[in-house]
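Trainee: CSV, C-alpha atoms, saved as run-v2.csv, coming up:
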```csv
chain,number,residue,atom,x,y,z
X,1,MET,CA,0.0,0.0,0.0
X,2,PRO,CA,1.5,3.4,-1.0
X,3,PHE,CA,2.1,6.0,1.7
X,4,ILE,CA,1.0,9.5,0.9
X,5,PRO,CA,2.4,12.0,3.4
X,6,PHE,CA,0.2,14.9,4.5
X,7,CYS,CA,3.1,17.2,3.6
X,8,ASP,CA,6.4,16.5,1.8
X,9,LEU,CA,8.6,19.6,1.6
X,10,SER,CA,11.4,17.7,-0.2
X,11,ARG,CA,9.3,17.6,-3.4
X,12,ALA,CA,9.4,21.4,-3.9
X,13,LEU,CA,12.9,21.8,-2.5
X,14,ALA,CA,14.7,19.3,-4.6
X,15,PRO,CA,14.6,21.2,-7.9
X,16,ILE,CA,16.0,24.4,-6.2
X,17,ARG,CA,18.3,22.8,-3.7
X,18,GLY,CA,21.4,24.2,-5.5
X,19,ASP,CA,20.2,27.8,-5.3
X,20,ILE,CA,19.3,27.3,-1.6
X,21,ASP,CA,22.7,25.9,-0.8
X,22,ALA,CA,24.4,28.8,-2.5
X,23,ALA,CA,22.3,31.3,-0.6
X,24,ILE,CA,23.2,29.7,2.7
X,25,VAL,CA,26.9,29.4,1.9
X,26,GLY,CA,26.9,33.1,0.9
X,27,CYS,CA,25.8,34.1,4.3
X,28,LEU,CA,28.4,31.9,5.9
X,29,ASP,CA,31.2,33.3,3.7
X,30,ARG,CA,30.2,36.9,4.6
X,31,SER,CA,29.7,36.1,8.3
X,32,SER,CA,26.4,37.8,7.9
X,33,PHE,CA,23.7,36.5,10.2
X,34,LEU,CA,21.4,39.5,11.2
X,35,HIS,CA,20.4,42.8,9.7
X,36,GLY,CA,22.3,42.1,6.4
X,37,PHE,CA,21.4,42.9,2.8
X,38,GLN,CA,19.5,39.7,2.4
X,39,THR,CA,17.0,40.8,5.0
X,40,LYS,CA,16.6,44.2,3.5
X,41,ALA,CA,16.2,42.8,0.1
X,42,PHE,CA,13.6,40.2,1.2
X,43,GLU,CA,11.6,42.8,3.0
X,44,GLU,CA,11.5,45.0,-0.2
X,45,GLU,CA,10.6,42.0,-2.4
X,46,TRP,CA,7.9,40.6,0.0
X,47,ALA,CA,6.3,44.0,0.4
X,48,ALA,CA,6.1,44.4,-3.4
X,49,PHE,CA,4.8,40.8,-3.9
X,50,CYS,CA,2.0,41.7,-1.4
X,51,GLY,CA,1.2,45.0,-3.1
X,52,GLN,CA,2.3,47.0,-0.1
X,53,LYS,CA,5.1,49.5,0.5
X,54,TYR,CA,6.9,48.1,3.5
X,55,ALA,CA,7.6,44.8,5.2
X,56,VAL,CA,9.1,44.3,8.7
X,57,CYS,CA,10.5,40.9,9.3
X,58,CYS,CA,10.6,39.1,12.6
X,59,ASN,CA,11.0,35.7,14.2
X,60,SER,CA,7.5,34.2,13.7
X,61,GLY,CA,3.9,34.8,12.6
X,62,THR,CA,3.0,35.1,16.3
X,63,ASP,CA,5.6,37.8,16.8
X,64,ALA,CA,4.3,39.6,13.7
X,65,LEU,CA,0.9,39.9,15.4
X,66,THR,CA,2.5,41.1,18.6
X,67,LEU,CA,4.5,43.8,16.8
X,68,ALA,CA,1.6,45.0,14.7
X,69,SER,CA,-0.9,45.2,17.5
X,70,THR,CA,1.6,47.0,19.7
X,71,ALA,CA,2.6,49.5,17.0
X,72,LEU,CA,-1.1,50.1,16.1
X,73,GLY,CA,-1.9,50.8,19.7
X,74,MET,CA,-4.6,48.2,19.7
X,75,THR,CA,-6.4,47.8,23.1
X,76,SER,CA,-9.0,45.3,21.9
X,77,ALA,CA,-9.1,42.6,19.3
X,78,THR,CA,-11.9,40.2,18.2
X,79,ILE,CA,-10.9,37.0,16.5
X,80,PRO,CA,-12.9,34.0,15.2
X,81,ALA,CA,-13.4,31.0,17.6
X,82,ASN,CA,-12.0,28.6,14.9
X,83,THR,CA,-8.5,30.0,14.6
X,84,LEU,CA,-5.2,28.8,15.9
X,85,PRO,CA,-4.6,29.8,19.6
X,86,LEU,CA,-1.4,31.7,18.6
X,87,THR,CA,-3.5,34.3,16.9
X,88,GLY,CA,-5.0,35.3,20.2
X,89,ILE,CA,-1.7,34.9,22.1
X,90,GLY,CA,0.2,37.1,19.7
X,91,LEU,CA,-2.4,39.9,19.9
X,92,HIS,CA,-2.6,39.6,23.7
X,93,ARG,CA,1.2,40.0,24.0
X,94,GLY,CA,0.8,43.2,22.0
X,95,GLY,CA,-1.5,44.7,24.6
X,96,SER,CA,-4.9,43.8,23.1
X,97,LYS,CA,-7.8,42.5,25.2
X,98,VAL,CA,-8.8,39.5,23.1
X,99,HIS,CA,-12.4,38.5,22.5
X,100,ILE,CA,-13.7,35.4,20.8
X,101,ALA,CA,-16.4,35.6,18.2
X,102,GLU,CA,-18.8,33.0,16.9
X,103,ILE,CA,-18.6,32.0,13.2
X,104,ASN,CA,-21.1,31.3,10.5
X,105,GLN,CA,-21.4,28.1,8.5
X,106,GLU,CA,-18.7,29.2,6.1
X,107,GLY,CA,-16.2,29.7,8.9
X,108,TRP,CA,-16.1,33.5,9.0
X,109,MET,CA,-16.9,35.7,12.0
X,110,LEU,CA,-20.6,36.4,12.3
X,111,GLU,CA,-20.1,40.0,13.0
X,112,GLN,CA,-17.0,42.1,12.2
X,113,ASN,CA,-16.6,44.9,14.7
X,114,ASP,CA,-14.1,47.7,14.4
X,115,ASP,CA,-11.6,45.8,16.4
X,116,ALA,CA,-11.9,42.6,14.3
X,117,VAL,CA,-8.7,40.8,13.2
X,118,PRO,CA,-9.9,38.5,10.4
X,119,VAL,CA,-8.0,35.2,10.0
X,120,LEU,CA,-7.6,33.9,6.5
X,121,ILE,CA,-7.5,30.3,7.5
X,122,TYR,CA,-6.5,27.7,4.9
X,123,GLY,CA,-5.7,30.6,2.5
X,124,ARG,CA,-9.3,31.5,2.2
X,125,ILE,CA,-10.0,35.0,0.8
X,126,PRO,CA,-12.5,37.4,2.3
X,127,ASP,CA,-15.5,38.3,0.2
X,128,GLN,CA,-15.2,41.8,-1.4
X,129,SER,CA,-18.2,42.9,0.5
X,130,SER,CA,-16.5,42.2,3.8
X,131,LYS,CA,-15.7,45.1,6.0
X,132,GLN,CA,-12.1,46.2,5.7
X,133,ALA,CA,-10.0,45.6,8.9
X,134,THR,CA,-7.0,47.4,10.2
X,135,LEU,CA,-5.1,44.2,10.7
X,136,TYR,CA,-5.4,40.7,9.2
X,137,ASP,CA,-3.9,37.4,10.3
X,138,ALA,CA,-2.7,36.3,6.8
X,139,ALA,CA,-0.4,33.5,8.0
X,140,HIS,CA,-2.1,31.0,5.5
X,141,ALA,CA,-2.7,33.5,2.7
X,142,HIS,CA,0.5,33.9,0.8
X,143,GLY,CA,-0.4,35.4,-2.6
X,144,TRP,CA,-3.2,37.6,-1.2
X,145,LYS,CA,-2.9,41.4,-1.5
X,146,PRO,CA,-4.2,43.3,1.6
X,147,PRO,CA,-6.4,46.4,1.2
X,148,ILE,CA,-4.5,49.6,0.8
X,149,GLY,CA,-5.3,50.9,4.3
X,150,SER,CA,-4.7,47.6,6.1
X,151,SER,CA,-1.7,45.8,7.6
X,152,ALA,CA,-1.2,42.0,7.5
X,153,ALA,CA,0.8,39.6,9.7
X,154,TRP,CA,2.5,36.7,7.9
X,155,SER,CA,4.1,33.5,8.9
X,156,PHE,CA,6.9,31.7,7.1
X,157,TYR,CA,6.8,28.5,9.1
X,158,PRO,CA,8.4,25.7,7.0
X,159,THR,CA,5.1,24.2,5.8
X,160,LYS,CA,3.5,27.5,4.7
X,161,THR,CA,3.1,28.2,1.0
X,162,LEU,CA,6.2,30.3,1.3
X,163,GLY,CA,8.2,28.7,4.1
X,164,ALA,CA,11.6,29.2,5.6
X,165,LEU,CA,13.9,26.5,6.9
X,166,GLY,CA,12.8,27.4,10.4
X,167,ASP,CA,10.7,30.1,12.0
X,168,ALA,CA,10.2,33.5,10.4
X,169,GLY,CA,7.5,36.1,10.0
X,170,ALA,CA,6.7,39.6,8.8
X,171,VAL,CA,4.2,42.4,8.8
X,172,THR,CA,3.4,44.3,5.7
X,173,THR,CA,1.9,47.8,5.6
X,174,ASN,CA,1.6,51.0,3.6
X,175,ASP,CA,2.3,53.2,6.6
X,176,ALA,CA,5.9,54.3,6.8
X,177,ASP,CA,5.7,55.5,10.4
X,178,LEU,CA,4.1,52.1,11.4
X,179,ALA,CA,6.9,50.2,9.7
X,180,THR,CA,9.5,52.3,11.5
X,181,TYR,CA,7.8,51.8,14.8
X,182,MET,CA,7.6,48.0,14.4
X,183,ARG,CA,11.3,47.9,13.3
X,184,GLU,CA,12.2,49.6,16.6
X,185,LEU,CA,10.0,47.4,18.6
X,186,SER,CA,11.6,44.2,17.1
X,187,GLY,CA,14.7,44.8,19.0
X,188,ARG,CA,18.2,46.3,18.8
X,189,ASP,CA,21.2,45.4,21.0
X,190,ASP,CA,22.3,49.0,21.4
X,191,LYS,CA,19.1,50.8,22.0
X,192,LEU,CA,16.0,50.3,24.1
X,193,HIS,CA,12.8,51.8,22.5
X,194,ASP,CA,10.5,51.2,25.5
X,195,ARG,CA,9.5,48.3,27.8
X,196,ARG,CA,7.3,46.8,25.1
X,197,GLN,CA,10.3,46.0,22.9
X,198,ILE,CA,10.9,42.4,22.1
X,199,THR,CA,13.8,40.5,20.5
X,200,SER,CA,12.3,39.2,17.3
X,201,ARG,CA,14.4,39.3,14.2
X,202,ILE,CA,14.6,37.2,11.1
X,203,ASP,CA,17.9,35.4,10.6
X,204,GLU,CA,19.9,36.5,7.5
X,205,ILE,CA,20.1,32.9,6.3
X,206,GLN,CA,16.3,32.5,6.5
X,207,ALA,CA,15.9,35.8,4.5
X,208,ALA,CA,18.3,34.5,1.9
X,209,VAL,CA,16.4,31.2,1.6
X,210,LEU,CA,13.0,33.0,1.4
X,211,ARG,CA,14.4,35.2,-1.5
X,212,VAL,CA,15.2,32.1,-3.5
X,213,LYS,CA,11.8,30.5,-2.8
X,214,LEU,CA,9.9,33.7,-3.5
X,215,ARG,CA,10.9,33.4,-7.1
X,216,TYR,CA,8.9,30.2,-7.3
X,217,LEU,CA,5.8,31.2,-5.2
X,218,ASP,CA,3.6,32.0,-8.2
X,219,LEU,CA,4.4,28.6,-9.7
X,220,TRP,CA,3.6,26.9,-6.3
X,221,LEU,CA,0.3,28.8,-6.0
X,222,ASP,CA,-0.7,27.6,-9.5
X,223,GLN,CA,0.2,24.0,-8.5
X,224,ARG,CA,-1.9,24.2,-5.3
X,225,LYS,CA,-4.8,25.6,-7.3
X,226,ASP,CA,-4.5,22.7,-9.8
X,227,ILE,CA,-4.5,20.2,-6.9
X,228,ALA,CA,-7.6,21.8,-5.4
X,229,ASP,CA,-9.3,21.8,-8.8
X,230,GLN,CA,-8.7,18.1,-9.1
X,231,TYR,CA,-10.2,17.5,-5.6
X,232,ASN,CA,-13.2,19.8,-6.4
X,233,LYS,CA,-13.9,17.9,-9.6
X,234,ARG,CA,-14.2,14.6,-7.7
X,235,PHE,CA,-16.0,16.0,-4.7
X,236,ASP,CA,-18.5,18.2,-6.6
X,237,GLY,CA,-22.0,17.5,-5.4
X,238,MET,CA,-21.0,15.6,-2.3
X,239,GLY,CA,-21.6,18.6,0.1
X,240,ILE,CA,-18.1,18.4,1.7
X,241,ILE,CA,-16.3,21.2,-0.2
X,242,LEU,CA,-15.7,24.6,1.5
X,243,ASN,CA,-17.3,27.5,-0.4
X,244,GLY,CA,-15.4,30.6,-1.5
X,245,LYS,CA,-12.1,31.7,-3.1
X,246,SER,CA,-8.9,30.2,-1.6
X,247,LEU,CA,-5.2,30.2,-2.2
X,248,HIS,CA,-5.2,26.6,-0.9
X,249,HIS,CA,-2.5,26.7,1.7
X,250,LEU,CA,-4.6,23.8,3.1
X,251,TYR,CA,-7.3,21.8,1.3
X,252,VAL,CA,-10.0,21.2,3.9
X,253,VAL,CA,-13.3,19.3,3.7
X,254,ARG,CA,-16.2,19.1,6.2
X,255,VAL,CA,-17.5,15.6,6.9
X,256,PRO,CA,-19.7,14.2,9.7
X,257,LYS,CA,-17.9,11.5,11.7
X,258,ARG,CA,-14.6,13.3,10.8
X,259,ASP,CA,-12.6,11.1,13.2
X,260,GLY,CA,-13.9,8.1,11.3
X,261,LEU,CA,-12.7,9.5,8.0
X,262,MET,CA,-9.3,10.3,9.4
X,263,ALA,CA,-8.9,6.8,10.7
X,264,PHE,CA,-10.2,5.4,7.4
X,265,LEU,CA,-7.5,7.4,5.4
X,266,ASN,CA,-4.7,6.7,7.8
X,267,LYS,CA,-5.4,3.0,7.6
X,268,ARG,CA,-4.9,3.3,3.8
X,269,GLY,CA,-1.6,5.2,4.3
X,270,ILE,CA,-3.0,8.7,3.6
X,271,GLY,CA,-1.8,11.4,5.9
X,272,CYS,CA,-4.2,14.1,7.0
X,273,LYS,CA,-4.6,16.6,9.9
X,274,ILE,CA,-7.1,18.7,11.7
X,275,HIS,CA,-6.8,22.5,11.6
X,276,TRP,CA,-8.0,22.8,14.4
X,277,ALA,CA,-9.7,20.3,16.6
X,278,GLN,CA,-10.9,22.6,19.4
X,279,PRO,CA,-12.5,26.1,19.3
X,280,LEU,CA,-10.9,28.8,21.4
X,281,HIS,CA,-13.8,29.2,23.8
X,282,LYS,CA,-13.0,25.6,24.9
X,283,MET,CA,-9.4,26.5,25.7
X,284,ALA,CA,-7.9,28.3,28.6
X,285,GLY,CA,-6.1,31.2,27.0
X,286,PRO,CA,-5.7,35.0,27.3
X,287,TRP,CA,-9.1,35.8,25.8
X,288,GLN,CA,-12.6,36.6,26.9
X,289,ASN,CA,-15.8,35.0,25.8
X,290,PHE,CA,-19.2,35.1,27.3
X,291,GLU,CA,-21.2,32.9,25.1
X,292,ASN,CA,-21.2,29.4,23.6
X,293,CYS,CA,-19.9,29.2,20.1
X,294,SER,CA,-21.9,26.2,18.9
X,295,GLU,CA,-21.2,26.7,15.2
X,296,ALA,CA,-17.4,26.9,15.9
X,297,GLU,CA,-17.7,23.6,17.7
X,298,ASN,CA,-19.6,22.1,14.7
X,299,TRP,CA,-16.8,23.4,12.5
X,300,CYS,CA,-14.0,22.0,14.6
X,301,ASN,CA,-15.7,18.6,14.9
X,302,SER,CA,-16.1,18.2,11.1
X,303,ILE,CA,-13.1,19.7,9.3
X,304,LEU,CA,-10.2,17.6,7.9
X,305,SER,CA,-7.2,18.8,5.9
X,306,LEU,CA,-6.1,16.6,3.0
X,307,PRO,CA,-2.7,16.5,1.3
X,308,CYS,CA,-2.1,19.7,-0.8
X,309,TYR,CA,1.4,20.7,-1.7
X,310,PRO,CA,3.7,21.2,-4.7
X,311,GLY,CA,4.8,17.8,-6.0
X,312,LEU,CA,1.6,15.9,-5.0
X,313,ARG,CA,1.0,13.7,-8.0
X,314,ALA,CA,-2.3,13.2,-9.9
X,315,ASP,CA,-2.3,9.4,-9.1
X,316,GLU,CA,-1.9,10.2,-5.4
X,317,ILE,CA,-4.8,12.7,-5.6
X,318,SER,CA,-6.9,10.0,-7.3
X,319,ILE,CA,-6.1,7.5,-4.5
X,320,ILE,CA,-7.1,10.1,-1.8
X,321,CYS,CA,-10.3,10.9,-3.7
X,322,ASP,CA,-11.2,7.2,-4.1
X,323,ALA,CA,-10.8,6.7,-0.3
X,324,VAL,CA,-12.8,9.8,0.6
X,325,GLU,CA,-15.6,8.8,-1.8
X,326,GLU,CA,-15.6,5.3,-0.4
X,327,TYR,CA,-16.0,6.6,3.1
X,328,CYS,CA,-18.7,9.0,2.2
X,329,THR,CA,-20.6,6.3,0.3
X,330,ILE,CA,-20.5,4.1,3.4
X,331,ASN,CA,-21.8,7.0,5.5
X,332,ASN,CA,-24.0,8.5,2.8
X,333,SER,CA,-27.1,9.2,5.1
X,334,ASP,CA,-25.0,11.1,7.6
X,335,ILE,CA,-23.5,13.3,4.8
X,336,LEU,CA,-26.8,14.1,3.2
X,337,GLU,CA,-28.6,14.9,6.5
X,338,SER,CA,-25.8,16.9,8.0
X,339,GLN,CA,-26.7,20.5,9.0
X,340,PHE,CA,-23.6,21.8,7.1
X,341,SER,CA,-24.0,19.7,4.0
X,342,ARG,CA,-24.4,21.8,0.8
X,343,ASN,CA,-23.5,21.6,-2.8
X,344,THR,CA,-20.9,24.0,-4.3
```
Please re-express this file's structure in structure tokens.
Mentor:
Amino acid sequence: MPFIPFCDLSRALAPIRGDIDAAIVGCLDRSSFLHGFQTKAFEEEWAAFCGQKYAVCCNSGTDALTLASTALGMTSATIPANTLPLTGIGLHRGGSKVHIAEINQEGWMLEQNDDAVPVLIYGRIPDQSSKQATLYDAAHAHGWKPPIGSSAAWSFYPTKTLGALGDAGAVTTNDADLATYMRELSGRDDKLHDRRQITSRIDEIQAAVLRVKLRYLDLWLDQRKDIADQYNKRFDGMGIILNGKSLHHLYVVRVPKRDGLMAFLNKRGIGCKIHWAQPLHKMAGPWQNFENCSEAENWCNSILSLPCYPGLRADEISIICDAVEEYCTINNSDILESQFSRNT
């Protein structure tokens, strides 16, 4: 039985390994490890790719949220109950009182208040009619261009569509003063800005690697779209596809008896994961919530991420689809009667 991993980074890295090796060796030969020209160049290139003027790099996507919320002077932030806990933790560290919001059937916050920080989970893109936010958690949405008046926090965790060889993150913005403020807050050894300053800098080697990989990001986005299109073609009409536009950092389906599907796939050598299994209002974290988020619970109990990454082959996608279809056929009545079942 073939094993299909949930994520195999080596498939995308293998063709560009020589360029990555050269970028790393260059940093070693120059003894350049922090605040070098690779970091400056990547910040300029990433900002341009995102359609914004400035990028400030840091150590992680969580730190990006902390720097952005601190520099923006945010005292309150509302986030969806179905996001990663680190969204709330990063904002809380930046001085925000974090509130948890219920979601609708499509996974978006029911109401978007002025303090909302939308999370573009799985690389899903907000509808054009959605209210513009000051700050977005775009950790999954590489390839998305934030609105002109907004800032966005990004993660370059290795499995992201644009991933480093370790941790890294950034904030993009069109506000020059905000960018300067965040750069000061991210830490210097010879100057203390104020007590909110943290040490969060991107390594020069990571910046050099990201510059190499950025040249291939459009290609990888196209490959992810092609994989998602193949899934959608097979799953059309089954009521398990998520609606809306996406950049497909993750390909996620919603299925009743999700744990059964996960076990079914694993038994056949197919890797899959849950993003995420528990809503925030069920966790002890630095946030406040005064109501039960039942739709978020339904969401977290039914979602499953399938393999979706550059290098995933058509025959492997076919094997995955065959297994999902087999499971859904066995559990057909549950699929059809589910409260979230809908055709796309």
Trainee: Identify which of the residues X:Asp8, X:Asp127, X:Asp29, X:Asp194 lies closest to Lys245 in chain X, counting all atoms listed in the file when measuring atom-to-atom distances.
Mentor: X:Asp127
Trainee: Could you give me, as a PyMOL selection string, the residues within 8 Å of Cys7 in chain X, counting all atoms listed in the file and dropping anything in the same chain fewer than 4 positions from it?
Mentor: chain X and resi 159+271+307-309
Trainee: Excluding range 218-220 of chain X and any residue of its chain fewer than 3 positions from it, enumerate the residues within 12 Å of it, using all atoms listed in the file, and give them as a PyMOL selection string.
Mentor: chain X and resi 9+11-13+49-50+142-144+160-163+213-215+223-227+247-249+308-312
Trainee: From the list X:Glu325, X:Cys27, X:Asn298, X:Met74, which residue is nearest Gly239 in chain X when using only C-alpha atoms?
Mentor: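 Of X:Glu325, X:Cys27, X:Asn298, X:Met74, the one nearest Gly239 in chain X is X:Glu325, counting only C-alpha atoms.
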Trainee: For Thr172 in chain X, which residue among X:Gly61, X:Gly187, X:Gly285, X:Gly26 is the nearest when counting all atoms listed in the file?
Mentor: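 Under the stated criterion, the closest residue is X:Gly61.
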Trainee: What's around Val255 in chain X at 8 Å? Count only C-alpha atoms, leave out sequence neighbours fewer than 4 positions away in its own chain, and write the answer as a list of chain:residue names.
Mentor: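 The contact residues come out as X:Ile240, X:Leu261, X:Ser302, X:Ile303, X:Leu304, X:Ile335.
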Trainee: Using only C-alpha atoms, pick whichever of X:Asp236, X:Asp114, X:Asp229, X:Glu106 has the shortest atom-to-atom distance to Pro126 in chain X.
Mentor: X:Glu106
Trainee: Go through X:Pro146, X:Ser69, X:Gly107, X:Phe33 one by one, measure the shortest atom-to-atom distance of each to Ala48 in chain X using all atoms listed in the file, and give the residue with the smallest value.
Mentor: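 Using all atoms listed in the file, the shortest distance to Ala48 in chain X belongs to X:Pro146.
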Trainee: Could you tell me which of X:Lys40, X:Ala64, X:Gln197, X:Val212 comes closest to Pro15 in chain X if we count all atoms listed in the file?
Mentor: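 For Pro15 in chain X, the nearest of the given residues is X:Val212.
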Trainee: Please compute the CA of Ala22 in chain X-CA of Gln52 in chain X distance, one decimal, in Å.
Mentor: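 A separation of 28.7 Å between them.
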Trainee: I want to know what sits within 10 Å of range 118-124 of chain X, based on all atoms listed in the file, with residues of the same chain fewer than 2 positions away left out; could you give that as number ranges by chain?
Mentor: X: 77-80, 82-84, 87, 107-109, 112, 115-116, 126-127, 131-144, 152-153, 160-161, 242-252, 275, 305
Trainee: Taking (-2.0, 50.8, 16.5) in the file's own coordinates, collect the residues within 12 Å, counting only C-alpha atoms, and hand them back as a PDB file with C-alpha atoms, in the coordinates of the input.
Mentor:
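That gives us out.pdb:
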```pdb
ATOM      1  CA  LEU X  65       0.900  39.900  15.400  1.00  0.00           C
ATOM      2  CA  THR X  66       2.500  41.100  18.600  1.00  0.00           C
ATOM      3  CA  LEU X  67       4.500  43.800  16.800  1.00  0.00           C
ATOM      4  CA  ALA X  68       1.600  45.000  14.700  1.00  0.00           C
ATOM      5  CA  SER X  69      -0.900  45.200  17.500  1.00  0.00           C
ATOM      6  CA  THR X  70       1.600  47.000  19.700  1.00  0.00           C
ATOM      7  CA  ALA X  71       2.600  49.500  17.000  1.00  0.00           C
ATOM      8  CA  LEU X  72      -1.100  50.100  16.100  1.00  0.00           C
ATOM      9  CA  GLY X  73      -1.900  50.800  19.700  1.00  0.00           C
ATOM     10  CA  MET X  74      -4.600  48.200  19.700  1.00  0.00           C
ATOM     11  CA  THR X  75      -6.400  47.800  23.100  1.00  0.00           C
ATOM     12  CA  SER X  76      -9.000  45.300  21.900  1.00  0.00           C
ATOM     13  CA  ALA X  77      -9.100  42.600  19.300  1.00  0.00           C
ATOM     14  CA  LEU X  91      -2.400  39.900  19.900  1.00  0.00           C
ATOM     15  CA  GLY X  94       0.800  43.200  22.000  1.00  0.00           C
ATOM     16  CA  GLY X  95      -1.500  44.700  24.600  1.00  0.00           C
ATOM     17  CA  SER X  96      -4.900  43.800  23.100  1.00  0.00           C
ATOM     18  CA  ASP X 115     -11.600  45.800  16.400  1.00  0.00           C
ATOM     19  CA  THR X 134      -7.000  47.400  10.200  1.00  0.00           C
ATOM     20  CA  LEU X 135      -5.100  44.200  10.700  1.00  0.00           C
ATOM     21  CA  SER X 150      -4.700  47.600   6.100  1.00  0.00           C
ATOM     22  CA  SER X 151      -1.700  45.800   7.600  1.00  0.00           C
ATOM     23  CA  THR X 173       1.900  47.800   5.600  1.00  0.00           C
ATOM     24  CA  ASP X 175       2.300  53.200   6.600  1.00  0.00           C
ATOM     25  CA  ASP X 177       5.700  55.500  10.400  1.00  0.00           C
ATOM     26  CA  LEU X 178       4.100  52.100  11.400  1.00  0.00           C
ATOM     27  CA  ALA X 179       6.900  50.200   9.700  1.00  0.00           C
ATOM     28  CA  TYR X 181       7.800  51.800  14.800  1.00  0.00           C
ATOM     29  CA  MET X 182       7.600  48.000  14.400  1.00  0.00           C
TER      30      MET X 182
END
```
Trainee: Could you work out how far CA of Tyr54 in chain X lies from CA of Thr180 in chain X, giving the answer in Å with one decimal?
Mentor: 9.4 Å
Trainee: What does the structure give for the distance between CA of Glu184 in chain X and CA of Val25 in chain X, in Å to one decimal?
Mentor: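 CA of Val25 in chain X lies at a distance of 29.0 Å from CA of Glu184 in chain X.
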Trainee: Which residues are close to Glu43 in chain X, i.e. within 8 Å by only C-alpha atoms, leaving aside same-chain residues fewer than 2 positions away? Reply as a PDB file with C-alpha atoms, in the frame of the given file.
Mentor:
```pdb
ATOM      1  CA  THR X  39      17.000  40.800   5.000  1.00  0.00           C
ATOM      2  CA  LYS X  40      16.600  44.200   3.500  1.00  0.00           C
ATOM      3  CA  ALA X  41      16.200  42.800   0.100  1.00  0.00           C
ATOM      4  CA  GLU X  45      10.600  42.000  -2.400  1.00  0.00           C
ATOM      5  CA  TRP X  46       7.900  40.600   0.000  1.00  0.00           C
ATOM      6  CA  ALA X  47       6.300  44.000   0.400  1.00  0.00           C
ATOM      7  CA  TYR X  54       6.900  48.100   3.500  1.00  0.00           C
ATOM      8  CA  ALA X  55       7.600  44.800   5.200  1.00  0.00           C
ATOM      9  CA  VAL X  56       9.100  44.300   8.700  1.00  0.00           C
ATOM     10  CA  CYS X  57      10.500  40.900   9.300  1.00  0.00           C
TER      11      CYS X  57
END
```
Trainee: Identify the residues within 12 Å of coordinate (-13.4, 6.9, 11.5) (same frame as the file), considering only C-alpha atoms, and give the answer as a ChimeraX atom specification.
Mentor: /X:255-267,302,304,324,327-328,330-331
